[in-house]
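Student: Quick one: the structure is below, questions incoming.
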Amino acid sequence: MTMARIVRFHQTGGPEVLQITQERVAAPAMGELQIKVHALGLNRAESMFRSGQYLEAPQLPARLGYEAAGTVSAVGEGVGGFSVGDAVSTVPAFSQNQYGVYGELVNVPVNAVVKHPATLSWIEAAAVWMQYLTAYGALVDIADTKPGEYVLIPAASSSVGLAAIQISNQIGAIPVALTRYGNKREALLKAGAKHVVATEEQDLVAEVHRITGGKGARVVFDPVGGLTISKLAEATAQGGIIFLYGALSTEPTPLPLFAAIGKQLTIRGYTLFEISADPQRLERAKQFIVKGLADGKLKPVVAKIFPLDQIVAAHRYMESNQQIGKIVVTV
């Protein structure tokens with residue numbers, strides 16, 4: 001047993017419910033690795049879990065966190081392929097009610113651990129797996145997006161949005177970034193978007209039809225939902241697919257029935273756990289992402305860095321929607 005600082009919350013609510021406690025961390029169990037954490041990547045899924053609005057309800061007092069980078073400090077029974085001192089990062093392949101990586105020392109299941117390319121800093125390595133695995137699963141594994149196809153990316157300045165831009169470019173597709181206002185246009189073009197549409201300032205449907213020569217985008221990768229789904233459906237190509245992988249909008253999400261029927265659209269709910277819970281699909285994803293990182297075609301964009309003792313401020317910043325890219329916490 002070793003003492004370490006661990007983040008927990010004893011009630012659901014805003015960022016202020018997060019507390020840093022001193023706790024004893026047990027040795028890793030069978031099939032687990034223990035990691036000395038150097039950096040954490042923050043994700044919307046964690047703020048939703050903390051506020052009680054996630055896919056699973058937190059079992060209080062709850063831990064949280066999917067993404068960490070650090071060094072292996074102990075190896076559980078039955079675990080091969082890893083040694084103490086290895087530089088690793090974690091993949092979201094577990095329930096936050098079973099494991100949480102916000103802390104100085106954490107145990108995680110071995111299937112959720114990857115040796116990342118040595119070229120990555122700890123901060124970059126903590127900003128890899130949620131974003132790239134989420135985008136890869138939809139765009140590559142499921143949609144099988146082809147070179148020259150258009151990909152529509154709402155909330156494009158988020159870490160997953162930026163990952164979708166990079167992966168689209170990696171596979172030869174054409175990323176069209178959607179953002180609410182034009183103040184993020186230059187940053188999104190610099191990040192690799194081929195086109196940017198500011199949806200509060202431009203006509204989303206008309207712009208997408210102009211960009212795509214009237215055909216629409218075959219793949220739409222939407223973490224927002226809400227009333228804009230109707231416009232997204234109008235901007236989708238015949239036989240296209242709309243992925244709904246988040247619920248950032250607080251409005252109801254109506255089914256765009258006539259567009260769905262008329263264009264034979266697939267409107268598909270999606271989470272990265274479809275990929276991370278399947279060993280073969282996860283292995284393919286790891287190979288694709290590690291190769292992209294090694295080639296430099298995938299490069300994490302870090303928006304802001306906080307120390308662990310400012311975890312509340314880091315969550316507040318995440319919920320402000322000011323960031324372009326990933327928020328990382330150093331430990």
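By order in the structure tokens, chains are A, B, ...; within a chain, residues start at 1; ligands start at 1, following the order shown.
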Within 10 Å of Tyr270 in chain A, counting only C-alpha atoms, which residues show up once you throw out same-chain ones fewer than 5 positions away? Write them as a VMD selection string, please.
Tutor: chain A and resid 134 137 to 138 142 221 to 223 242 to 246 275
Student: Mind checking which residues fall within 10 Å of range 247-254 of chain A, counting only C-alpha atoms, ignoring those fewer than 2 positions away in the same chain, and posting them as JSON, numbers by chain?
Tutor: {"A": [44, 48, 53, 54, 155, 222, 223, 224, 225, 226, 227, 228, 229, 230, 244, 245, 256, 257]}
Student: Store the residues picked out above, limited to N, CA, C and O atoms, as an mmCIF file, in the first residue's frame.
Tutor:
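The file below, result-v9.cif, is the result:
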```
data_model
loop_
_atom_site.group_PDB
_atom_site.id
_atom_site.type_symbol
_atom_site.label_atom_id
_atom_site.label_comp_id
_atom_site.auth_asym_id
_atom_site.auth_seq_id
_atom_site.Cartn_x
_atom_site.Cartn_y
_atom_site.Cartn_z
ATOM 1 N N ARG A 44 -15.020 15.505 -21.934
ATOM 2 C CA ARG A 44 -16.426 15.819 -21.645
ATOM 3 C C ARG A 44 -17.115 14.687 -20.890
ATOM 4 O O ARG A 44 -17.958 14.917 -20.040
ATOM 5 N N MET A 48 -19.513 15.056 -17.570
ATOM 6 C CA MET A 48 -20.889 14.534 -17.571
ATOM 7 C C MET A 48 -21.068 13.480 -16.467
ATOM 8 O O MET A 48 -22.098 13.452 -15.796
ATOM 9 N N GLN A 53 -24.819 13.101 -15.569
ATOM 10 C CA GLN A 53 -25.525 13.145 -16.865
ATOM 11 C C GLN A 53 -24.855 12.251 -17.893
ATOM 12 O O GLN A 53 -24.938 12.500 -19.098
ATOM 13 N N TYR A 54 -24.193 11.183 -17.435
ATOM 14 C CA TYR A 54 -23.431 10.320 -18.333
ATOM 15 C C TYR A 54 -24.193 9.029 -18.587
ATOM 16 O O TYR A 54 -25.276 8.790 -18.046
ATOM 17 N N ALA A 155 -18.710 20.985 -33.729
ATOM 18 C CA ALA A 155 -17.851 21.166 -32.544
ATOM 19 C C ALA A 155 -16.402 20.850 -32.903
ATOM 20 O O ALA A 155 -15.686 20.157 -32.185
ATOM 21 N N ASP A 222 -21.190 13.970 -35.223
ATOM 22 C CA ASP A 222 -21.813 15.015 -34.397
ATOM 23 C C ASP A 222 -21.854 14.679 -32.902
ATOM 24 O O ASP A 222 -22.530 13.736 -32.501
ATOM 25 N N PRO A 223 -21.185 15.492 -32.047
ATOM 26 C CA PRO A 223 -21.264 15.290 -30.611
ATOM 27 C C PRO A 223 -22.290 16.200 -29.928
ATOM 28 O O PRO A 223 -22.353 16.255 -28.707
ATOM 29 N N VAL A 224 -23.080 16.923 -30.730
ATOM 30 C CA VAL A 224 -23.931 17.973 -30.162
ATOM 31 C C VAL A 224 -25.383 17.539 -30.023
ATOM 32 O O VAL A 224 -25.987 17.650 -28.958
ATOM 33 N N GLY A 225 -25.980 17.018 -31.116
ATOM 34 C CA GLY A 225 -27.413 16.723 -31.097
ATOM 35 C C GLY A 225 -28.216 18.011 -31.087
ATOM 36 O O GLY A 225 -27.758 19.049 -31.566
ATOM 37 N N GLY A 226 -29.432 17.962 -30.535
ATOM 38 C CA GLY A 226 -30.274 19.157 -30.491
ATOM 39 C C GLY A 226 -30.957 19.432 -31.822
ATOM 40 O O GLY A 226 -30.992 18.586 -32.727
ATOM 41 N N LEU A 227 -31.473 20.636 -31.945
ATOM 42 C CA LEU A 227 -32.305 20.980 -33.100
ATOM 43 C C LEU A 227 -31.527 21.035 -34.411
ATOM 44 O O LEU A 227 -32.108 20.888 -35.495
ATOM 45 N N THR A 228 -30.201 21.220 -34.343
ATOM 46 C CA THR A 228 -29.382 21.329 -35.560
ATOM 47 C C THR A 228 -29.354 20.030 -36.353
ATOM 48 O O THR A 228 -28.958 20.012 -37.520
ATOM 49 N N ILE A 229 -29.783 18.914 -35.750
ATOM 50 C CA ILE A 229 -29.807 17.629 -36.462
ATOM 51 C C ILE A 229 -30.589 17.741 -37.776
ATOM 52 O O ILE A 229 -30.231 17.114 -38.777
ATOM 53 N N SER A 230 -31.626 18.571 -37.806
ATOM 54 C CA SER A 230 -32.427 18.727 -39.035
ATOM 55 C C SER A 230 -31.590 19.336 -40.153
ATOM 56 O O SER A 230 -31.642 18.895 -41.301
ATOM 57 N N LEU A 244 -24.115 10.126 -34.033
ATOM 58 C CA LEU A 244 -24.409 10.913 -32.833
ATOM 59 C C LEU A 244 -23.600 10.295 -31.697
ATOM 60 O O LEU A 244 -23.880 9.180 -31.264
ATOM 61 N N TYR A 245 -22.560 11.025 -31.243
ATOM 62 C CA TYR A 245 -21.698 10.432 -30.219
ATOM 63 C C TYR A 245 -21.627 11.283 -28.956
ATOM 64 O O TYR A 245 -20.805 11.041 -28.076
ATOM 65 N N PRO A 256 -35.080 13.749 -37.987
ATOM 66 C CA PRO A 256 -35.361 14.414 -39.273
ATOM 67 C C PRO A 256 -35.952 13.405 -40.262
ATOM 68 O O PRO A 256 -35.281 12.898 -41.158
ATOM 69 N N LEU A 257 -37.223 13.118 -40.082
ATOM 70 C CA LEU A 257 -37.861 11.969 -40.716
ATOM 71 C C LEU A 257 -37.831 12.026 -42.242
ATOM 72 O O LEU A 257 -37.453 11.057 -42.891
#
```
Student: Provide the CA of Val205 in chain A to CA of Ala235 in chain A distance in Å, to one decimal place.
Tutor: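 Atom-to-atom, CA of Val205 in chain A to CA of Ala235 in chain A, that is 5.1 Å.
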Student: I'd like the interatomic distance between CA of Ile167 in chain A and CA of Ala314 in chain A, to a tenth of an Å.
Tutor: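 Taking CA of Ile167 in chain A and CA of Ala314 in chain A, their separation equals 26.8 Å.
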Student: Between A:Val75, A:Val328, A:Val113, A:Ala164, which is the closest to Pro307 in chain A once you count only C-alpha atoms?
Tutor: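 Smallest distance to Pro307 in chain A is found for A:Val328.
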Student: Run DSSP on the backbone of this structure and report the residues of range 197-233 of chain A it assigns to strand (DSSP E), as a PyMOL selection string.
Tutor: chain A and resi 197-198+217-222
Student: May I have the selected residues written with C-alpha atoms, as a PDB file, in the first residue's frame?
Tutor:
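Listing of selection32.pdb after writing:
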```
ATOM      1  CA  VAL A 197     -18.609  26.948 -41.651  1.00  0.00           C
ATOM      2  CA  ALA A 198     -19.611  29.306 -38.807  1.00  0.00           C
ATOM      3  CA  ALA A 217     -21.326  15.151 -47.003  1.00  0.00           C
ATOM      4  CA  ARG A 218     -21.404  11.349 -46.818  1.00  0.00           C
ATOM      5  CA  VAL A 219     -20.235  11.263 -43.169  1.00  0.00           C
ATOM      6  CA  VAL A 220     -21.422  13.550 -40.350  1.00  0.00           C
ATOM      7  CA  PHE A 221     -19.673  13.195 -36.969  1.00  0.00           C
ATOM      8  CA  ASP A 222     -21.813  15.015 -34.397  1.00  0.00           C
TER       9      ASP A 222
END
```
Student: Env of Pro109 in chain A: 8 Å cut, atoms = only C-alpha atoms, seq-sep filter 4 positions within chain, self excluded. Answer as an NGL selection string.
Tutor: :A and (31-33 or 94 or 113)
Student: Could you check the closest approach to Gly148 in chain A for each of A:Lys184, A:Lys194, A:Lys115, A:Lys291 and tell me which residue wins, using only C-alpha atoms?
Tutor: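 With only C-alpha atoms as the atom set, the closest residue is A:Lys194.
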Student: What's the 12 Å shell around range 2-10 of chain A, counting only C-alpha atoms, without same-chain residues fewer than 3 positions away, as a VMD selection string?
Tutor: chain A and resid 13 to 28 34 to 37 40 46 to 47 49 to 52 58 to 65 73 to 74 96 to 97 99 to 107 308 to 312 331
Student: As an exercise, work out the distance from CA of Lys215 in chain A to CA of Ala177 in chain A in Å and give it to one decimal place.
Tutor: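 Spanning CA of Lys215 in chain A to CA of Ala177 in chain A is a straight-line distance of 16.9 Å.
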Student: Counting only C-alpha atoms, give me one row per residue of range 50-145 of chain A with an atom at most 12 Å from an atom of range 323-327 of chain A, showing the shortest contact pair and its distance in Å to one decimal, sorted by chain then residue number, as JSON lines.
Tutor:
```
{"residue": "A:Glu67", "atom": "CA", "partner": "A:Ile327", "partner_atom": "CA", "distance": 11.3}
{"residue": "A:Ile123", "atom": "CA", "partner": "A:Ile327", "partner_atom": "CA", "distance": 9.5}
{"residue": "A:Glu124", "atom": "CA", "partner": "A:Lys326", "partner_atom": "CA", "distance": 9.2}
{"residue": "A:Ala125", "atom": "CA", "partner": "A:Lys326", "partner_atom": "CA", "distance": 11.2}
{"residue": "A:Ala126", "atom": "CA", "partner": "A:Lys326", "partner_atom": "CA", "distance": 9.2}
{"residue": "A:Ala127", "atom": "CA", "partner": "A:Lys326", "partner_atom": "CA", "distance": 6.3}
{"residue": "A:Val128", "atom": "CA", "partner": "A:Lys326", "partner_atom": "CA", "distance": 9.2}
{"residue": "A:Trp129", "atom": "CA", "partner": "A:Lys326", "partner_atom": "CA", "distance": 11.4}
{"residue": "A:Met130", "atom": "CA", "partner": "A:Lys326", "partner_atom": "CA", "distance": 10.3}
{"residue": "A:Gln131", "atom": "CA", "partner": "A:Lys326", "partner_atom": "CA", "distance": 8.9}
{"residue": "A:Tyr132", "atom": "CA", "partner": "A:Lys326", "partner_atom": "CA", "distance": 11.7}
```
Student: Which one of A:Ile267, A:Leu189, A:Ile153, A:Ala277 sits closest to Ser95 in chain A if you count only C-alpha atoms?
Tutor: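 Going through A:Ile267, A:Leu189, A:Ile153, A:Ala277 one by one, the smallest distance to Ser95 in chain A is for A:Ala277.
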Student: Applying 10 Å and only C-alpha atoms, which residues near Ile174 in chain A remain after dropping the ones on its own chain fewer than 4 positions away? List them as a ChimeraX atom specification.
Tutor: /A:145-152,165,167-170,192-195,212,217
Student: Output N, CA, C and O atoms for every residue in that selection, as a PDB file, in the first residue's frame.
Tutor:
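As written to disk, selection-v3.pdb reads:
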```
ATOM      1  N   THR A 145     -14.645   5.538 -44.489  1.00  0.00           N
ATOM      2  CA  THR A 145     -14.594   6.753 -45.304  1.00  0.00           C
ATOM      3  C   THR A 145     -13.491   6.646 -46.354  1.00  0.00           C
ATOM      4  O   THR A 145     -12.377   6.231 -46.060  1.00  0.00           O
ATOM      5  N   LYS A 146     -13.835   7.028 -47.577  1.00  0.00           N
ATOM      6  CA  LYS A 146     -12.921   6.883 -48.705  1.00  0.00           C
ATOM      7  C   LYS A 146     -12.260   8.226 -49.058  1.00  0.00           C
ATOM      8  O   LYS A 146     -12.807   9.291 -48.758  1.00  0.00           O
ATOM      9  N   PRO A 147     -11.088   8.169 -49.733  1.00  0.00           N
ATOM     10  CA  PRO A 147     -10.466   9.408 -50.208  1.00  0.00           C
ATOM     11  C   PRO A 147     -11.445  10.217 -51.059  1.00  0.00           C
ATOM     12  O   PRO A 147     -12.197   9.654 -51.850  1.00  0.00           O
ATOM     13  N   GLY A 148     -11.441  11.530 -50.850  1.00  0.00           N
ATOM     14  CA  GLY A 148     -12.299  12.413 -51.635  1.00  0.00           C
ATOM     15  C   GLY A 148     -13.697  12.603 -51.080  1.00  0.00           C
ATOM     16  O   GLY A 148     -14.437  13.459 -51.565  1.00  0.00           O
ATOM     17  N   GLU A 149     -14.091  11.794 -50.069  1.00  0.00           N
ATOM     18  CA  GLU A 149     -15.416  11.974 -49.463  1.00  0.00           C
ATOM     19  C   GLU A 149     -15.371  13.115 -48.446  1.00  0.00           C
ATOM     20  O   GLU A 149     -14.359  13.331 -47.789  1.00  0.00           O
ATOM     21  N   TYR A 150     -16.498  13.789 -48.320  1.00  0.00           N
ATOM     22  CA  TYR A 150     -16.596  14.908 -47.375  1.00  0.00           C
ATOM     23  C   TYR A 150     -17.040  14.406 -45.998  1.00  0.00           C
ATOM     24  O   TYR A 150     -17.946  13.571 -45.901  1.00  0.00           O
ATOM     25  N   VAL A 151     -16.392  14.935 -44.963  1.00  0.00           N
ATOM     26  CA  VAL A 151     -16.742  14.615 -43.575  1.00  0.00           C
ATOM     27  C   VAL A 151     -17.115  15.919 -42.877  1.00  0.00           C
ATOM     28  O   VAL A 151     -16.320  16.868 -42.830  1.00  0.00           O
ATOM     29  N   LEU A 152     -18.333  15.966 -42.352  1.00  0.00           N
ATOM     30  CA  LEU A 152     -18.839  17.153 -41.658  1.00  0.00           C
ATOM     31  C   LEU A 152     -18.581  16.993 -40.169  1.00  0.00           C
ATOM     32  O   LEU A 152     -18.972  15.981 -39.574  1.00  0.00           O
ATOM     33  N   ILE A 165     -10.513  15.896 -37.871  1.00  0.00           N
ATOM     34  CA  ILE A 165      -9.899  16.640 -38.980  1.00  0.00           C
ATOM     35  C   ILE A 165      -8.604  15.949 -39.407  1.00  0.00           C
ATOM     36  O   ILE A 165      -8.368  15.698 -40.602  1.00  0.00           O
ATOM     37  N   ILE A 167      -7.550  12.812 -38.842  1.00  0.00           N
ATOM     38  CA  ILE A 167      -7.766  11.464 -39.402  1.00  0.00           C
ATOM     39  C   ILE A 167      -8.373  11.555 -40.798  1.00  0.00           C
ATOM     40  O   ILE A 167      -7.998  10.788 -41.698  1.00  0.00           O
ATOM     41  N   SER A 168      -9.294  12.501 -41.013  1.00  0.00           N
ATOM     42  CA  SER A 168      -9.844  12.699 -42.367  1.00  0.00           C
ATOM     43  C   SER A 168      -8.726  12.984 -43.357  1.00  0.00           C
ATOM     44  O   SER A 168      -8.668  12.397 -44.445  1.00  0.00           O
ATOM     45  N   ASN A 169      -7.822  13.874 -42.973  1.00  0.00           N
ATOM     46  CA  ASN A 169      -6.693  14.189 -43.851  1.00  0.00           C
ATOM     47  C   ASN A 169      -5.775  12.981 -44.050  1.00  0.00           C
ATOM     48  O   ASN A 169      -5.277  12.740 -45.158  1.00  0.00           O
ATOM     49  N   GLN A 170      -5.583  12.199 -42.993  1.00  0.00           N
ATOM     50  CA  GLN A 170      -4.708  11.028 -43.071  1.00  0.00           C
ATOM     51  C   GLN A 170      -5.221  10.012 -44.099  1.00  0.00           C
ATOM     52  O   GLN A 170      -4.437   9.374 -44.790  1.00  0.00           O
ATOM     53  N   GLY A 192      -5.977  22.002 -40.109  1.00  0.00           N
ATOM     54  CA  GLY A 192      -6.125  21.051 -41.213  1.00  0.00           C
ATOM     55  C   GLY A 192      -7.499  20.978 -41.848  1.00  0.00           C
ATOM     56  O   GLY A 192      -7.695  20.227 -42.804  1.00  0.00           O
ATOM     57  N   ALA A 193      -8.472  21.736 -41.324  1.00  0.00           N
ATOM     58  CA  ALA A 193      -9.793  21.745 -41.970  1.00  0.00           C
ATOM     59  C   ALA A 193      -9.658  22.318 -43.373  1.00  0.00           C
ATOM     60  O   ALA A 193      -8.969  23.321 -43.579  1.00  0.00           O
ATOM     61  N   LYS A 194     -10.328  21.668 -44.346  1.00  0.00           N
ATOM     62  CA  LYS A 194     -10.282  22.190 -45.727  1.00  0.00           C
ATOM     63  C   LYS A 194     -11.301  23.318 -45.902  1.00  0.00           C
ATOM     64  O   LYS A 194     -11.126  24.193 -46.736  1.00  0.00           O
ATOM     65  N   HIS A 195     -12.382  23.264 -45.135  1.00  0.00           N
ATOM     66  CA  HIS A 195     -13.419  24.301 -45.159  1.00  0.00           C
ATOM     67  C   HIS A 195     -13.915  24.508 -43.740  1.00  0.00           C
ATOM     68  O   HIS A 195     -13.902  23.570 -42.934  1.00  0.00           O
ATOM     69  N   THR A 212     -19.681  21.102 -51.422  1.00  0.00           N
ATOM     70  CA  THR A 212     -19.696  19.718 -51.948  1.00  0.00           C
ATOM     71  C   THR A 212     -20.281  19.627 -53.357  1.00  0.00           C
ATOM     72  O   THR A 212     -20.537  18.516 -53.843  1.00  0.00           O
ATOM     73  N   ALA A 217     -22.426  15.929 -47.597  1.00  0.00           N
ATOM     74  CA  ALA A 217     -21.326  15.151 -47.003  1.00  0.00           C
ATOM     75  C   ALA A 217     -21.795  13.719 -46.733  1.00  0.00           C
ATOM     76  O   ALA A 217     -22.894  13.517 -46.207  1.00  0.00           O
TER      77      ALA A 217
END
```
Student: Please identify all polymer residues within 9 Å of Trp122 in chain A, counting only C-alpha atoms, omitting same-chain residues fewer than 5 positions from it, and present them as JSON, numbers by chain.
Tutor: {"A": [38, 39, 40, 68, 69, 70, 87, 89, 127, 330]}
Student: Any chance you can output those residues with N, CA, C and O atoms as a compact mmCIF listing (two decimals), in the first residue's frame?
Tutor:
```
# COMPACT_ATOMS: atom_id res chain seq x y z
N HIS A 38 1.97 11.02 -14.82
CA HIS A 38 2.66 12.29 -15.06
C HIS A 38 1.71 13.35 -15.63
O HIS A 38 1.92 14.54 -15.43
N ALA A 39 0.68 12.91 -16.36
CA ALA A 39 -0.27 13.86 -16.96
C ALA A 39 -1.60 13.17 -17.21
O ALA A 39 -1.66 11.96 -17.43
N LEU A 40 -2.67 13.97 -17.17
CA LEU A 40 -4.04 13.50 -17.41
C LEU A 40 -4.65 14.30 -18.55
O LEU A 40 -4.46 15.51 -18.62
N ALA A 68 -4.61 8.83 -18.95
CA ALA A 68 -3.41 9.22 -18.22
C ALA A 68 -2.19 8.76 -18.98
O ALA A 68 -2.24 7.81 -19.76
N ALA A 69 -1.08 9.44 -18.74
CA ALA A 69 0.22 9.01 -19.27
C ALA A 69 1.20 9.00 -18.11
O ALA A 69 1.17 9.88 -17.25
N GLY A 70 2.04 7.97 -18.08
CA GLY A 70 3.01 7.88 -17.00
C GLY A 70 3.89 6.66 -17.15
O GLY A 70 3.99 6.08 -18.24
N ALA A 87 7.14 3.58 -20.40
CA ALA A 87 6.31 4.78 -20.63
C ALA A 87 5.02 4.35 -21.32
O ALA A 87 5.07 3.73 -22.39
N SER A 89 0.44 5.01 -21.87
CA SER A 89 -0.76 5.84 -21.73
C SER A 89 -1.99 4.94 -21.72
O SER A 89 -1.92 3.78 -22.15
N ALA A 127 -3.10 13.06 -24.23
CA ALA A 127 -4.11 13.70 -25.09
C ALA A 127 -4.36 12.90 -26.36
O ALA A 127 -4.70 13.47 -27.39
N THR A 330 -1.19 18.29 -15.30
CA THR A 330 0.08 17.67 -14.94
C THR A 330 0.05 17.24 -13.48
O THR A 330 -0.55 17.89 -12.63
```
